[in-house]
>>> print(open('entry.cif').read())   # mmCIF, C-alpha atoms
data_target
#
loop_
_atom_site.group_PDB
_atom_site.id
_atom_site.type_symbol
_atom_site.label_atom_id
_atom_site.label_comp_id
_atom_site.auth_asym_id
_atom_site.auth_seq_id
_atom_site.Cartn_x
_atom_site.Cartn_y
_atom_site.Cartn_z
ATOM 1 C CA MET A 1 -18.195 -3.914 57.791
ATOM 2 C CA ASN A 2 -18.215 -7.142 59.820
ATOM 3 C CA GLU A 3 -15.555 -9.842 59.710
ATOM 4 C CA ASP A 4 -17.473 -12.054 57.225
ATOM 5 C CA GLN A 5 -17.990 -9.174 54.792
ATOM 6 C CA ALA A 6 -14.312 -8.263 54.968
ATOM 7 C CA ARG A 7 -13.338 -11.868 54.291
ATOM 8 C CA ILE A 8 -15.672 -12.047 51.274
ATOM 9 C CA ARG A 9 -14.343 -8.772 49.883
ATOM 10 C CA LYS A 10 -10.753 -9.980 50.260
ATOM 11 C CA LEU A 11 -11.638 -13.226 48.498
ATOM 12 C CA ARG A 12 -13.236 -11.349 45.583
ATOM 13 C CA VAL A 13 -10.108 -9.222 45.161
ATOM 14 C CA GLN A 14 -7.961 -12.349 45.121
ATOM 15 C CA VAL A 15 -10.214 -13.986 42.510
ATOM 16 C CA LEU A 16 -10.061 -10.862 40.335
ATOM 17 C CA ARG A 17 -6.272 -10.796 40.541
ATOM 18 C CA LEU A 18 -6.160 -14.477 39.644
ATOM 19 C CA ARG A 19 -8.343 -13.881 36.590
ATOM 20 C CA ILE A 20 -6.084 -11.074 35.414
ATOM 21 C CA ILE A 21 -2.984 -13.238 35.851
ATOM 22 C CA VAL A 22 -4.630 -16.116 33.986
ATOM 23 C CA ALA A 23 -5.665 -13.799 31.140
ATOM 24 C CA VAL A 24 -2.124 -12.414 30.781
ATOM 25 C CA VAL A 25 -0.657 -15.911 30.838
ATOM 26 C CA ALA A 26 -3.186 -16.966 28.201
ATOM 27 C CA VAL A 27 -2.183 -14.114 25.889
ATOM 28 C CA VAL A 28 1.506 -14.958 26.260
ATOM 29 C CA PHE A 29 0.732 -18.628 25.646
ATOM 30 C CA ILE A 30 -1.222 -17.803 22.487
ATOM 31 C CA LEU A 31 1.519 -15.572 21.108
ATOM 32 C CA LEU A 32 4.059 -18.310 21.711
ATOM 33 C CA ILE A 33 1.843 -20.736 19.814
ATOM 34 C CA VAL A 34 1.482 -18.228 16.966
ATOM 35 C CA HIS A 35 5.239 -17.781 16.891
ATOM 36 C CA ASN A 36 5.795 -21.514 16.700
ATOM 37 C CA TYR A 37 3.279 -21.894 13.901
ATOM 38 C CA ASN A 38 5.013 -21.187 10.644
ATOM 39 C CA LEU A 39 2.989 -18.145 9.649
ATOM 40 C CA ARG A 40 5.928 -16.619 7.823
ATOM 41 C CA HIS A 41 5.015 -18.246 4.534
ATOM 42 C CA ARG A 42 3.251 -15.985 2.057
ATOM 43 C CA GLY A 43 -0.522 -16.158 2.310
ATOM 44 C CA LYS A 44 -0.847 -19.009 4.833
ATOM 45 C CA TYR A 45 -4.377 -19.283 6.201
ATOM 46 C CA MET A 46 -4.716 -19.314 9.980
ATOM 47 C CA ASN A 47 -7.193 -17.937 12.480
ATOM 48 C CA PHE A 48 -7.680 -17.511 16.191
ATOM 49 C CA SER A 49 -10.097 -20.412 16.602
ATOM 50 C CA GLU A 50 -7.714 -22.849 14.917
ATOM 51 C CA ILE A 51 -4.934 -21.861 17.288
ATOM 52 C CA LEU A 52 -6.911 -21.427 20.477
ATOM 53 C CA GLY A 53 -9.740 -23.860 19.917
ATOM 54 C CA GLU A 54 -13.380 -22.989 20.413
ATOM 55 C CA THR A 55 -13.066 -22.587 24.191
ATOM 56 C CA ILE A 56 -10.582 -21.200 26.677
ATOM 57 C CA TYR A 57 -10.129 -24.122 29.027
ATOM 58 C CA PHE A 58 -10.098 -22.407 32.369
ATOM 59 C CA ASP A 59 -12.728 -21.082 34.730
ATOM 60 C CA ALA A 60 -12.840 -17.396 33.891
ATOM 61 C CA ASP A 61 -15.197 -14.583 33.063
ATOM 62 C CA PRO A 62 -16.573 -15.073 29.496
ATOM 63 C CA ASN A 63 -15.280 -11.588 28.618
ATOM 64 C CA VAL A 64 -11.731 -12.852 29.044
ATOM 65 C CA LYS A 65 -11.904 -14.840 25.805
ATOM 66 C CA VAL A 66 -13.109 -11.740 23.960
ATOM 67 C CA ALA A 67 -10.271 -9.694 25.446
ATOM 68 C CA VAL A 68 -7.706 -12.351 24.527
ATOM 69 C CA GLU A 69 -8.949 -12.495 20.934
ATOM 70 C CA GLU A 70 -8.828 -8.687 20.664
ATOM 71 C CA ASN A 71 -5.226 -8.701 21.886
ATOM 72 C CA TYR A 72 -4.417 -11.474 19.435
ATOM 73 C CA LEU A 73 -5.807 -9.417 16.536
ATOM 74 C CA LYS A 74 -3.856 -6.335 17.628
ATOM 75 C CA TYR A 75 -0.695 -8.445 17.575
ATOM 76 C CA LEU A 76 -1.540 -9.866 14.154
ATOM 77 C CA ASN A 77 -2.099 -6.443 12.597
ATOM 78 C CA LYS A 78 1.255 -5.225 13.858
ATOM 79 C CA ALA A 79 3.102 -8.258 12.513
ATOM 80 C CA TYR A 80 1.096 -9.250 9.428
ATOM 81 C CA VAL A 81 -0.895 -7.723 6.598
ATOM 82 C CA LEU A 82 -4.295 -9.416 6.629
ATOM 83 C CA ILE A 83 -5.883 -9.668 3.180
ATOM 84 C CA GLY A 84 -9.540 -10.568 3.293
ATOM 85 C CA THR A 85 -12.016 -10.628 6.167
ATOM 86 C CA TYR A 86 -10.833 -12.167 9.425
ATOM 87 C CA PRO A 87 -10.789 -15.071 10.175
ATOM 88 C CA ASP A 88 -11.057 -16.205 6.529
ATOM 89 C CA CYS A 89 -8.102 -14.162 5.371
ATOM 90 C CA GLU A 90 -4.525 -14.492 4.190
ATOM 91 C CA TYR A 91 -1.562 -13.532 6.364
ATOM 92 C CA TYR A 92 1.590 -11.902 4.994
ATOM 93 C CA LYS A 93 4.465 -11.254 7.372
ATOM 94 C CA ILE A 94 5.537 -7.601 7.414
ATOM 95 C CA SER A 95 9.178 -7.380 6.438
ATOM 96 C CA ALA A 96 11.623 -6.075 9.011
ATOM 97 C CA ASN A 97 13.913 -4.998 6.158
ATOM 98 C CA VAL A 98 11.620 -2.357 4.628
ATOM 99 C CA THR A 99 10.990 0.995 6.310
ATOM 100 C CA ARG A 100 7.482 1.443 7.688
ATOM 101 C CA ASN A 101 5.360 4.571 7.429
ATOM 102 C CA ASP A 102 4.073 6.423 10.487
ATOM 103 C CA PHE A 103 0.805 7.589 8.923
ATOM 104 C CA ASN A 104 -2.550 7.461 10.615
ATOM 105 C CA TRP A 105 -4.275 6.749 7.337
ATOM 106 C CA ALA A 106 -7.754 7.479 8.695
ATOM 107 C CA GLU A 107 -6.884 10.864 10.235
ATOM 108 C CA ASP A 108 -3.815 12.354 8.505
ATOM 109 C CA PHE A 109 -5.275 12.639 4.985
ATOM 110 C CA TYR A 110 -8.223 14.935 4.276
ATOM 111 C CA VAL A 111 -9.434 17.995 2.393
ATOM 112 C CA GLY A 112 -8.408 21.020 4.440
ATOM 113 C CA PRO A 113 -10.492 24.180 4.910
ATOM 114 C CA GLY A 114 -10.771 26.136 1.682
ATOM 115 C CA ARG A 115 -8.977 23.381 -0.268
ATOM 116 C CA LEU A 116 -10.200 21.224 -3.159
ATOM 117 C CA TYR A 117 -8.155 18.061 -2.751
ATOM 118 C CA TYR A 118 -6.682 15.733 -0.170
ATOM 119 C CA ASN A 119 -3.364 16.490 1.463
ATOM 120 C CA TYR A 120 -1.304 14.988 4.247
ATOM 121 C CA TYR A 121 -1.640 16.976 7.473
ATOM 122 C CA LYS A 122 0.227 17.144 10.762
ATOM 123 C CA ASP A 123 -1.032 19.466 13.494
ATOM 124 C CA GLY A 124 -3.425 20.969 10.963
ATOM 125 C CA GLU A 125 -0.664 21.941 8.523
ATOM 126 C CA PRO A 126 -0.310 20.414 5.024
ATOM 127 C CA GLN A 127 2.875 18.395 4.647
ATOM 128 C CA ALA A 128 2.661 17.227 1.025
ATOM 129 C CA LYS A 129 1.769 18.307 -2.507
ATOM 130 C CA VAL A 130 -1.384 17.704 -4.496
ATOM 131 C CA GLY A 131 -0.790 15.663 -7.640
ATOM 132 C CA ILE A 132 -2.490 14.027 -10.592
ATOM 133 C CA ASP A 133 -1.488 11.338 -13.061
ATOM 134 C CA VAL A 134 -2.779 11.410 -16.625
ATOM 135 C CA SER A 135 -2.704 9.583 -19.921
ATOM 136 C CA GLU A 136 -4.277 9.930 -23.352
ATOM 137 C CA PHE A 137 -7.596 8.891 -21.760
ATOM 138 C CA GLN A 138 -7.895 12.367 -20.206
ATOM 139 C CA LYS A 139 -7.885 13.830 -23.748
ATOM 140 C CA GLN A 140 -6.792 17.431 -24.429
ATOM 141 C CA ILE A 141 -5.658 19.101 -21.189
ATOM 142 C CA ASP A 142 -5.371 22.843 -20.538
ATOM 143 C CA TRP A 143 -2.327 22.755 -18.264
ATOM 144 C CA GLU A 144 -2.464 26.443 -17.334
ATOM 145 C CA LYS A 145 -5.922 25.886 -15.853
ATOM 146 C CA VAL A 146 -4.677 22.785 -14.025
ATOM 147 C CA ALA A 147 -1.781 24.714 -12.503
ATOM 148 C CA ASN A 148 -4.166 27.444 -11.329
ATOM 149 C CA THR A 149 -6.100 24.915 -9.196
ATOM 150 C CA GLY A 150 -3.109 24.531 -6.871
ATOM 151 C CA ILE A 151 -2.098 21.112 -8.150
ATOM 152 C CA LYS A 152 1.705 20.958 -8.093
ATOM 153 C CA VAL A 153 2.667 17.531 -9.435
ATOM 154 C CA ALA A 154 1.830 15.845 -12.736
ATOM 155 C CA ILE A 155 2.867 12.284 -13.575
ATOM 156 C CA ILE A 156 2.437 11.599 -17.290
ATOM 157 C CA ARG A 157 2.023 8.166 -18.845
ATOM 158 C CA ILE A 158 4.894 7.842 -21.316
ATOM 159 C CA GLY A 159 3.896 4.472 -22.751
ATOM 160 C CA TYR A 160 2.762 0.914 -22.107
ATOM 161 C CA ARG A 161 3.427 -2.674 -23.104
ATOM 162 C CA GLY A 162 0.631 -4.532 -24.871
ATOM 163 C CA TYR A 163 -1.114 -7.531 -23.298
ATOM 164 C CA GLY A 164 -0.638 -10.067 -26.082
ATOM 165 C CA LYS A 165 2.729 -9.978 -27.880
ATOM 166 C CA GLY A 166 4.159 -7.496 -25.411
ATOM 167 C CA LYS A 167 5.033 -4.735 -27.846
ATOM 168 C CA ILE A 168 5.960 -1.371 -26.315
ATOM 169 C CA MET A 169 3.542 1.350 -27.379
ATOM 170 C CA PRO A 170 3.645 5.135 -26.858
ATOM 171 C CA ASP A 171 0.956 7.098 -25.093
ATOM 172 C CA ASN A 172 -0.419 9.209 -27.953
ATOM 173 C CA LEU A 173 -0.520 12.418 -25.893
ATOM 174 C CA ALA A 174 2.655 11.904 -23.839
ATOM 175 C CA GLU A 175 4.814 14.501 -25.591
ATOM 176 C CA GLN A 176 2.012 17.083 -25.602
ATOM 177 C CA ASN A 177 1.233 16.491 -21.916
ATOM 178 C CA LEU A 178 4.874 16.649 -20.877
ATOM 179 C CA LYS A 179 5.438 19.943 -22.677
ATOM 180 C CA GLY A 180 2.186 21.431 -21.364
ATOM 181 C CA ALA A 181 2.799 20.434 -17.737
ATOM 182 C CA ILE A 182 6.427 21.596 -17.731
ATOM 183 C CA ASP A 183 5.579 24.908 -19.434
ATOM 184 C CA ALA A 184 2.852 25.473 -16.812
ATOM 185 C CA GLY A 185 5.470 25.181 -14.072
ATOM 186 C CA MET A 186 4.346 21.834 -12.697
ATOM 187 C CA GLU A 187 6.747 19.324 -11.165
ATOM 188 C CA THR A 188 6.613 16.577 -13.738
ATOM 189 C CA GLY A 189 7.443 12.880 -13.805
ATOM 190 C CA VAL A 190 6.466 9.954 -15.993
ATOM 191 C CA TYR A 191 5.100 6.454 -15.585
ATOM 192 C CA PHE A 192 5.181 3.374 -17.768
ATOM 193 C CA PHE A 193 2.367 0.804 -17.648
ATOM 194 C CA SER A 194 4.457 -2.332 -17.452
ATOM 195 C CA GLY A 195 3.857 -5.637 -19.153
ATOM 196 C CA ALA A 196 7.333 -6.969 -18.431
ATOM 197 C CA ILE A 197 7.614 -10.672 -17.623
ATOM 198 C CA ASN A 198 11.325 -10.754 -16.779
ATOM 199 C CA LYS A 199 14.249 -8.529 -15.876
ATOM 200 C CA GLU A 200 15.305 -7.968 -19.477
ATOM 201 C CA GLU A 201 11.896 -6.566 -20.375
ATOM 202 C CA GLY A 202 11.934 -4.359 -17.264
ATOM 203 C CA ILE A 203 15.249 -2.940 -18.444
ATOM 204 C CA GLU A 204 13.808 -2.438 -21.932
ATOM 205 C CA GLU A 205 10.867 -0.450 -20.507
ATOM 206 C CA ALA A 206 13.212 1.734 -18.465
ATOM 207 C CA LYS A 207 15.374 2.486 -21.495
ATOM 208 C CA TYR A 208 12.265 3.455 -23.449
ATOM 209 C CA CYS A 209 11.347 5.970 -20.718
ATOM 210 C CA LEU A 210 14.861 7.404 -20.608
ATOM 211 C CA LYS A 211 14.869 7.893 -24.367
ATOM 212 C CA LYS A 212 11.519 9.700 -24.317
ATOM 213 C CA ILE A 213 12.413 12.139 -21.517
ATOM 214 C CA LYS A 214 15.877 13.024 -22.777
ATOM 215 C CA GLY A 215 16.423 16.775 -22.538
ATOM 216 C CA LEU A 216 13.243 17.415 -20.522
ATOM 217 C CA ASP A 217 13.046 19.039 -17.095
ATOM 218 C CA ILE A 218 11.914 15.989 -15.119
ATOM 219 C CA LYS A 219 11.731 16.817 -11.396
ATOM 220 C CA GLN A 220 9.653 13.858 -10.210
ATOM 221 C CA PRO A 221 10.332 10.093 -10.431
ATOM 222 C CA ILE A 222 10.203 7.734 -13.356
ATOM 223 C CA VAL A 223 7.625 5.165 -12.334
ATOM 224 C CA ILE A 224 6.941 1.547 -13.205
ATOM 225 C CA ASP A 225 3.231 0.755 -12.926
ATOM 226 C CA THR A 226 2.883 -2.976 -12.235
ATOM 227 C CA GLU A 227 -0.624 -4.433 -11.909
ATOM 228 C CA MET A 228 -2.512 -7.704 -11.887
ATOM 229 C CA ILE A 229 -5.024 -7.445 -14.714
ATOM 230 C CA ALA A 230 -8.521 -8.942 -14.637
ATOM 231 C CA GLU A 231 -8.327 -12.730 -14.750
ATOM 232 C CA ASP A 232 -10.356 -12.927 -17.956
ATOM 233 C CA SER A 233 -7.937 -10.652 -19.809
ATOM 234 C CA GLU A 234 -5.117 -11.744 -22.098
ATOM 235 C CA ALA A 235 -2.460 -10.022 -20.015
ATOM 236 C CA ARG A 236 0.773 -11.992 -20.296
ATOM 237 C CA THR A 237 1.861 -10.786 -16.838
ATOM 238 C CA ASN A 238 -0.956 -12.641 -15.079
ATOM 239 C CA ASN A 239 0.877 -15.950 -15.466
ATOM 240 C CA ILE A 240 4.285 -15.013 -14.069
ATOM 241 C CA SER A 241 5.646 -15.753 -10.611
ATOM 242 C CA VAL A 242 6.352 -13.318 -7.787
ATOM 243 C CA GLU A 243 10.051 -13.750 -8.508
ATOM 244 C CA GLU A 244 9.657 -12.978 -12.233
ATOM 245 C CA ARG A 245 7.492 -9.913 -11.599
ATOM 246 C CA THR A 246 9.954 -8.658 -9.009
ATOM 247 C CA ASP A 247 12.844 -9.270 -11.432
ATOM 248 C CA ALA A 248 11.120 -7.004 -13.956
ATOM 249 C CA VAL A 249 10.653 -4.223 -11.396
ATOM 250 C CA VAL A 250 14.256 -4.538 -10.212
ATOM 251 C CA GLY A 251 15.517 -4.335 -13.802
ATOM 252 C CA PHE A 252 13.473 -1.179 -14.403
ATOM 253 C CA CYS A 253 14.491 0.575 -11.173
ATOM 254 C CA GLU A 254 18.181 -0.291 -11.424
ATOM 255 C CA THR A 255 18.293 1.093 -14.963
ATOM 256 C CA ILE A 256 16.532 4.337 -14.045
ATOM 257 C CA GLU A 257 18.750 4.822 -10.999
ATOM 258 C CA ALA A 258 21.919 4.161 -12.978
ATOM 259 C CA ALA A 259 20.893 6.949 -15.376
ATOM 260 C CA GLY A 260 20.708 9.438 -12.496
ATOM 261 C CA TYR A 261 16.941 9.599 -12.063
ATOM 262 C CA THR A 262 14.707 8.561 -9.168
ATOM 263 C CA PRO A 263 12.787 5.311 -9.743
ATOM 264 C CA MET A 264 9.407 4.682 -8.139
ATOM 265 C CA ILE A 265 7.048 1.684 -8.017
ATOM 266 C CA TYR A 266 3.280 2.127 -8.385
ATOM 267 C CA ALA A 267 1.002 -0.643 -7.179
ATOM 268 C CA SER A 268 -2.020 -1.448 -5.056
ATOM 269 C CA ARG A 269 -1.707 -2.853 -1.537
ATOM 270 C CA ASP A 270 -2.384 -6.401 -2.743
ATOM 271 C CA GLN A 271 0.098 -6.027 -5.577
ATOM 272 C CA PHE A 272 2.873 -4.918 -3.232
ATOM 273 C CA ILE A 273 2.077 -7.597 -0.658
ATOM 274 C CA LYS A 274 1.020 -10.630 -2.723
ATOM 275 C CA TYR A 275 2.698 -10.271 -6.097
ATOM 276 C CA LEU A 276 6.017 -8.569 -5.339
ATOM 277 C CA ASP A 277 8.909 -9.426 -3.038
ATOM 278 C CA VAL A 278 9.127 -6.199 -1.020
ATOM 279 C CA ASP A 279 12.500 -7.172 0.448
ATOM 280 C CA ARG A 280 14.026 -6.835 -3.021
ATOM 281 C CA ILE A 281 12.379 -3.513 -3.932
ATOM 282 C CA GLY A 282 12.047 -1.784 -0.567
ATOM 283 C CA GLN A 283 14.961 0.607 -1.141
ATOM 284 C CA TRP A 284 13.030 2.419 -3.895
ATOM 285 C CA GLU A 285 10.101 4.793 -3.469
ATOM 286 C CA PHE A 286 6.519 3.440 -3.326
ATOM 287 C CA TRP A 287 3.384 4.944 -4.826
ATOM 288 C CA LEU A 288 0.322 3.294 -3.308
ATOM 289 C CA ALA A 289 -3.071 3.089 -5.044
ATOM 290 C CA ALA A 290 -5.836 2.711 -2.438
ATOM 291 C CA TYR A 291 -9.389 3.997 -2.814
ATOM 292 C CA ASP A 292 -10.543 3.066 0.691
ATOM 293 C CA THR A 293 -8.669 3.845 3.915
ATOM 294 C CA PRO A 294 -5.336 2.067 3.347
ATOM 295 C CA VAL A 295 -3.979 -0.757 5.458
ATOM 296 C CA PHE A 296 -0.379 -0.569 4.307
ATOM 297 C CA PRO A 297 2.676 -0.703 6.570
ATOM 298 C CA TYR A 298 5.551 0.368 4.325
ATOM 299 C CA HIS A 299 7.021 3.766 3.463
ATOM 300 C CA THR A 300 4.803 5.572 0.966
ATOM 301 C CA GLU A 301 5.957 8.574 -1.048
ATOM 302 C CA GLY A 302 2.928 8.774 -3.336
ATOM 303 C CA TYR A 303 -0.723 8.003 -2.498
ATOM 304 C CA GLN A 304 -3.339 7.721 -5.237
ATOM 305 C CA TYR A 305 -6.627 8.015 -3.371
ATOM 306 C CA SER A 306 -9.205 8.398 -6.139
ATOM 307 C CA PRO A 307 -9.620 7.647 -9.858
ATOM 308 C CA TYR A 308 -12.666 9.909 -10.055
ATOM 309 C CA GLY A 309 -11.256 13.404 -9.688
ATOM 310 C CA PHE A 310 -12.575 16.501 -11.403
ATOM 311 C CA VAL A 311 -9.966 19.135 -12.225
ATOM 312 C CA ASP A 312 -10.449 22.384 -14.091
ATOM 313 C CA GLY A 313 -8.766 22.095 -17.488
ATOM 314 C CA ILE A 314 -9.171 18.309 -17.755
ATOM 315 C CA PRO A 315 -12.261 17.152 -19.691
ATOM 316 C CA GLU A 316 -12.349 13.627 -18.201
ATOM 317 C CA GLN A 317 -12.142 12.228 -14.682
ATOM 318 C CA VAL A 318 -8.573 11.923 -13.465
ATOM 319 C CA ASP A 319 -6.539 10.136 -10.784
ATOM 320 C CA LEU A 320 -5.867 12.249 -7.687
ATOM 321 C CA ASP A 321 -2.707 11.895 -5.607
ATOM 322 C CA VAL A 322 -1.007 13.096 -2.466
ATOM 323 C CA TRP A 323 2.736 13.478 -3.014
ATOM 324 C CA MET A 324 4.858 13.113 0.136
ATOM 325 C CA ARG A 325 8.257 13.758 -1.465
#
>>> encode(input="entry.cif", output="C-alpha cells")
Amino acid sequence: MNEDQARIRKLRVQVLRLRIIVAVVAVVFILLIVHNYNLRHRGKYMNFSEILGETIYFDADPNVKVAVEENYLKYLNKAYVLIGTYPDCEYYKISANVTRNDFNWAEDFYVGPGRLYYNYYKDGEPQAKVGIDVSEFQKQIDWEKVANTGIKVAIIRIGYRGYGKGKIMPDNLAEQNLKGAIDAGMETGVYFFSGAINKEEGIEEAKYCLKKIKGLDIKQPIVIDTEMIAEDSEARTNNISVEERTDAVVGFCETIEAAGYTPMIYASRDQFIKYLDVDRIGQWEFWLAAYDTPVFPYHTEGYQYSPYGFVDGIPEQVDLDVWMR
C-alpha cells in the first residue's frame, strides 16, 4: 500500500466515524425534541416527519435517516402505546405506576405438542391454565365433558346491565353453569357485563354478583366486563367520560375486594388504554381480550385469545383463555 492509498484509507475511516457520531447526536437530538413536545396527553397525534421534518439536514449516507427513524420508533414503542397505523396513529403514554408484563406475546403463547389449546410457555413448559368463559349463548353445557378436555378454569357470566334504562338482568343459565362447573371440579369465577355509568352503579353491579355467588365455592375472580359498544347501538355507556367509566370500575372492584374476593377487569387493549384511567385501576388484575398478537404493556393475569373455540360438551363456539394466575 503506497502513501496515497494509506492516506485515503485513513480519511475514509475518519469520515465513517464522523457519520456515526452525527447519527448518534441526531438520535439524541430527536429524543430531546420528543421529550419537549407534550406527548403525554391522551391520544395526541404526532409522527416522525412532523418532528424531524422531511429531510435530515446534514451530509450523511441516506441510510442514516432510515436508521434514525427506526430508533425513534423503538423508543416510541417502549414509551407509548400506538393505536392505529404509524404515522397516522394515536399515542398514549405508558404509565410508570402500573406494573408491566414481561411476555413475548408472539412467542410465549402457543398450542403445545399433544395439546388442544393455547398456553403460556417458558423454556417449553406450560406456565398457566387453560380457561373458557361462557354465558347463556353457549346453551346447555355438559361440564363433565368440558373438564375431561383439560380445561381448568371456567368464568361464568352472572348477569348484565341493559343498554337502554340500565336495568340489571340475570344470565338465564348462570346458576346452572355455576353448579355444573363447580361439580365438575373446575376452578370457577364469574363476570358481569357492565353498563354502569358512575361509581354508584359499579357498586350496585358488584353487590349483585356477591349476592348471586353467596355460599358457592368461587376460586377465581369476580370480573367486571367493561366495553365500548358499537357506535350505532343504544348503549348508555358510550356517552360517558373516561373518568366516569373508571369511577364505575373502581366502585365495582373496591366492593368486591372489601367482601374478601379478588376483583378483575376485563377489557380490550383499546378499552384499557383509551377509555379507562389505568393509574386508578392498575392495582387490580387485568384480563385482556386480544384476537391478534397483543401489543399491551401492562400486567395481564387473563388472556382471551379467541371467541371461536370448539370444546367438547359445549354446543356453540366459546371464548378461549389463558389464565396466568
>>> axis_aligned_box(input="entry.cif", around="range 114-123 of chain A", padding_each_side="8 Å", output="lines of an AutoDock Vina configuration file")
center_x = -5.3
center_y = 20.6
center_z = 5.2
size_x = 27.0
size_y = 27.1
size_z = 32.7
>>> atom_distance(input="entry.cif", atom1="CA of Val223 in chain A", atom2="CA of Val250 in chain A")
11.9 Å
>>> atom_distance(input="entry.cif", atom1="CA of Ala184 in chain A", atom2="CA of Ile218 in chain A")
13.2 Å
>>> residues_around(input="entry.cif", residues="Arg236 in chain A", least_positions_apart="4", cutoff="8 Å", atoms="only C-alpha atoms", output="list in words")
Tyr163, Gly164, Gly166, Gly195, Ile197 and Ile240 of chain A
>>> closest_residue(input="entry.cif", among="A:Val130, A:Asn97, A:Tyr266, A:Tyr75", to="Val111 in chain A", atoms="only C-alpha atoms")
A:Val130
>>> atom_distance(input="entry.cif", atom1="CA of Glu234 in chain A", atom2="CA of Met169 in chain A")
16.6 Å
>>> resolve_selection(input="entry.cif", expression="the PyMOL selection byres ((chain A and resi 178) around 9)", output="PyMOL selection string")
chain A and resi 154-156+158+173-177+179-183+188-190+213+216
>>> closest_residue(input="entry.cif", among="A:Gln271, A:Gln304, A:Thr293, A:Ser135", to="Asn238 in chain A", atoms="only C-alpha atoms")
A:Gln271
>>> closest_residue(input="entry.cif", among="A:Val311, A:Val242, A:Ala67, A:Met324", to="Asp279 in chain A", atoms="all atoms listed in the file")
A:Val242
>>> resolve_selection(input="entry.cif", expression="the PyMOL selection byres ((chain A and resi 140) around 10)", output="NGL selection string")
:A and (135-139 or 141-143 or 173 or 176-177 or 313-316)
>>> resolve_selection(input="entry.cif", expression="the PyMOL selection byres ((chain A and resi 222) around 12)", output="VMD selection string")
chain A and resid 154 to 159 188 to 193 205 to 213 218 to 221 223 to 225 252 to 257 259 to 266 284 to 287
>>> closest_residue(input="entry.cif", among="A:Tyr291, A:Pro62, A:Asp312, A:Ala79", to="Glu144 in chain A", atoms="only C-alpha atoms")
A:Asp312
>>> closest_residue(input="entry.cif", among="A:Arg115, A:Arg161, A:Lys274, A:Lys152", to="Arg245 in chain A", atoms="only C-alpha atoms")
A:Lys274
>>> closest_residue(input="entry.cif", among="A:Gly202, A:Gly162, A:Gly131, A:Gly124", to="Phe109 in chain A", atoms="all atoms listed in the file")
A:Gly124
